[in-house]
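First comes the structure, then the notes that go with it.
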Amino acid sequence: MAMTVLIVEDEEKIGRFLELELMHEGYEVMKAANGREGLEKAQSGRADLVVLDVMLPELNGFEVLRRLRKNSDIPVIMLTARDEVMDKVAGLDGGADDYMTKPFAIEELLARIRLVLKKRGGAAGLAGQNRSRLGVGRLCMDVQRYEVSYDGKQVELTHREFELLRVLLENKNIVISRDTLLQKVCGYDYMGETNIIDVYVRYLRSKLDDVYQVKIIQTVRGVGYCIKDEN
């Protein structure tokens, strides 16, 4: 069965161009011309991925993403005409899987769609193999519900923080290098600062270790990070 991509784009010419290119690649296509319609269609469960413009009428792309992430983990690639770093950070931390600035080459967008679907497909496969619940000690993660709790209390994480914790929990007792974590969490083509993993580890520790007086993520100096089973 063909994958379905939802295009949320108010510029008719761009929306039609994307629709034709995606159909040519074998995708089924749904379209929405404003944020409210896009959110409704994204929540319907009929799409496998959303291409979401930022500048939309009724609800902008960031608000659509925020509401969508309350109950859905559908992959989202955001599009914007602005090349502002803070816009990208807001989109990615809000739960977007990728971010592209207009104008862009359609070949690059198609490649990113394939990559995101492949990565999410791998995660779904793990979940299907009884990996939907992960944890160590009093820390619990429900991958399908996109929830993390410690001692029964919910822990609010950004998308990147969640993905970093998930990778570490899936590989308990294994030291994972920063480069590997960067690839798994941010994507192989990430062009930002190489110390971004250290930054997200620090964020996680501020929400877990500092709050609950524990030491969940271990640093292996010169190598990377790991989470160990409690003895």
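Identifiers in the structure tokens: chain A, B, ... in order shown; residue index from 1 per chain; ligand index from 1 in order shown.
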Q.
I want to know what sits within 7 Å of stretch 161-176 of chain A, based on only C-alpha atoms, with residues of the same chain fewer than 2 positions away left out; could you give that as a VMD selection string?
A. chain A and resid 134 to 135 157 to 159 178 180 to 181 185 200 204 224 to 229
**Q.** strand (DSSP E or B) residues, from DSSP on the backbone, in stretch 30-228 of chain A, as an NGL selection string
**A.** :A and (30-32 or 49-53 or 76-80 or 98-101 or 133-136 or 139-142 or 147-150 or 153-154 or 176-177 or 217-220 or 224-227)
Writer output for current selection, C-alpha atoms, as an mmCIF file, in the first residue's frame:
```cif
data_model
loop_
_atom_site.group_PDB
_atom_site.id
_atom_site.type_symbol
_atom_site.label_atom_id
_atom_site.label_comp_id
_atom_site.auth_asym_id
_atom_site.auth_seq_id
_atom_site.Cartn_x
_atom_site.Cartn_y
_atom_site.Cartn_z
ATOM 1 C CA MET A 30 -3.926 14.786 0.826
ATOM 2 C CA LYS A 31 -3.973 18.599 0.885
ATOM 3 C CA ALA A 32 -5.062 21.366 3.228
ATOM 4 C CA LEU A 49 3.639 12.047 7.020
ATOM 5 C CA VAL A 50 2.870 15.773 7.024
ATOM 6 C CA VAL A 51 4.646 18.455 5.000
ATOM 7 C CA LEU A 52 3.703 21.531 7.039
ATOM 8 C CA ASP A 53 4.201 25.156 6.011
ATOM 9 C CA VAL A 76 6.308 16.180 10.259
ATOM 10 C CA ILE A 77 8.615 18.082 7.900
ATOM 11 C CA MET A 78 8.221 21.847 8.226
ATOM 12 C CA LEU A 79 8.610 24.370 5.399
ATOM 13 C CA THR A 80 9.272 28.075 5.808
ATOM 14 C CA ASP A 98 12.944 17.900 9.810
ATOM 15 C CA TYR A 99 12.917 21.496 8.581
ATOM 16 C CA MET A 100 13.450 22.991 5.114
ATOM 17 C CA THR A 101 13.742 26.596 3.967
ATOM 18 C CA ARG A 133 7.650 0.278 26.856
ATOM 19 C CA LEU A 134 11.165 1.063 27.968
ATOM 20 C CA GLY A 135 12.668 1.967 31.291
ATOM 21 C CA VAL A 136 15.193 1.598 34.056
ATOM 22 C CA LEU A 139 11.961 5.720 34.931
ATOM 23 C CA CYS A 140 9.351 4.567 32.394
ATOM 24 C CA MET A 141 8.881 5.438 28.726
ATOM 25 C CA ASP A 142 5.816 4.602 26.639
ATOM 26 C CA GLU A 147 5.114 9.688 27.425
ATOM 27 C CA VAL A 148 7.865 9.579 30.047
ATOM 28 C CA SER A 149 7.352 9.293 33.788
ATOM 29 C CA TYR A 150 9.505 8.921 36.883
ATOM 30 C CA LYS A 153 5.060 11.452 37.763
ATOM 31 C CA GLN A 154 4.972 12.657 34.157
ATOM 32 C CA ILE A 176 26.987 5.049 22.494
ATOM 33 C CA SER A 177 29.306 7.610 20.947
ATOM 34 C CA ILE A 217 22.628 8.962 32.151
ATOM 35 C CA GLN A 218 26.262 7.974 32.625
ATOM 36 C CA THR A 219 29.104 9.823 30.906
ATOM 37 C CA VAL A 220 31.967 7.704 29.582
ATOM 38 C CA GLY A 224 29.876 8.972 24.851
ATOM 39 C CA TYR A 225 26.905 8.139 27.068
ATOM 40 C CA CYS A 226 24.956 5.151 28.359
ATOM 41 C CA ILE A 227 22.162 4.151 30.712
#
```
Q: Take atom CA of A:Ala81 and atom CA of A:Arg66 and report the distance between them in Å, one decimal.
A: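 These atoms are spaced 19.7 Å apart.
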Q: Just the residues within 12 Å of A:Leu39, please, counting only C-alpha atoms, with nothing from its chain fewer than 5 positions along; format it as a PyMOL selection string.
A: chain A and resi 6-9+31-34+44-45+47+50-53+56+58-72+74+76
**Q.** Straight-line distance linking atom CA of A:Arg138 with atom CA of A:Arg205, stated in Å to one decimal
**A.**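 The value is 14.9 Å.
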(Q) I'd like to know which of A:Arg46, A:Asp73, A:Lys184, A:Ile106 is closest to A:Leu20, using only C-alpha atoms. (A)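 Closest candidate: A:Ile106.
Take the candidates A:Cys186, A:Tyr212, A:Gln144, A:Met55 and check each one against A:Lys119 using only C-alpha atoms; the shortest distance goes to A:Cys186.
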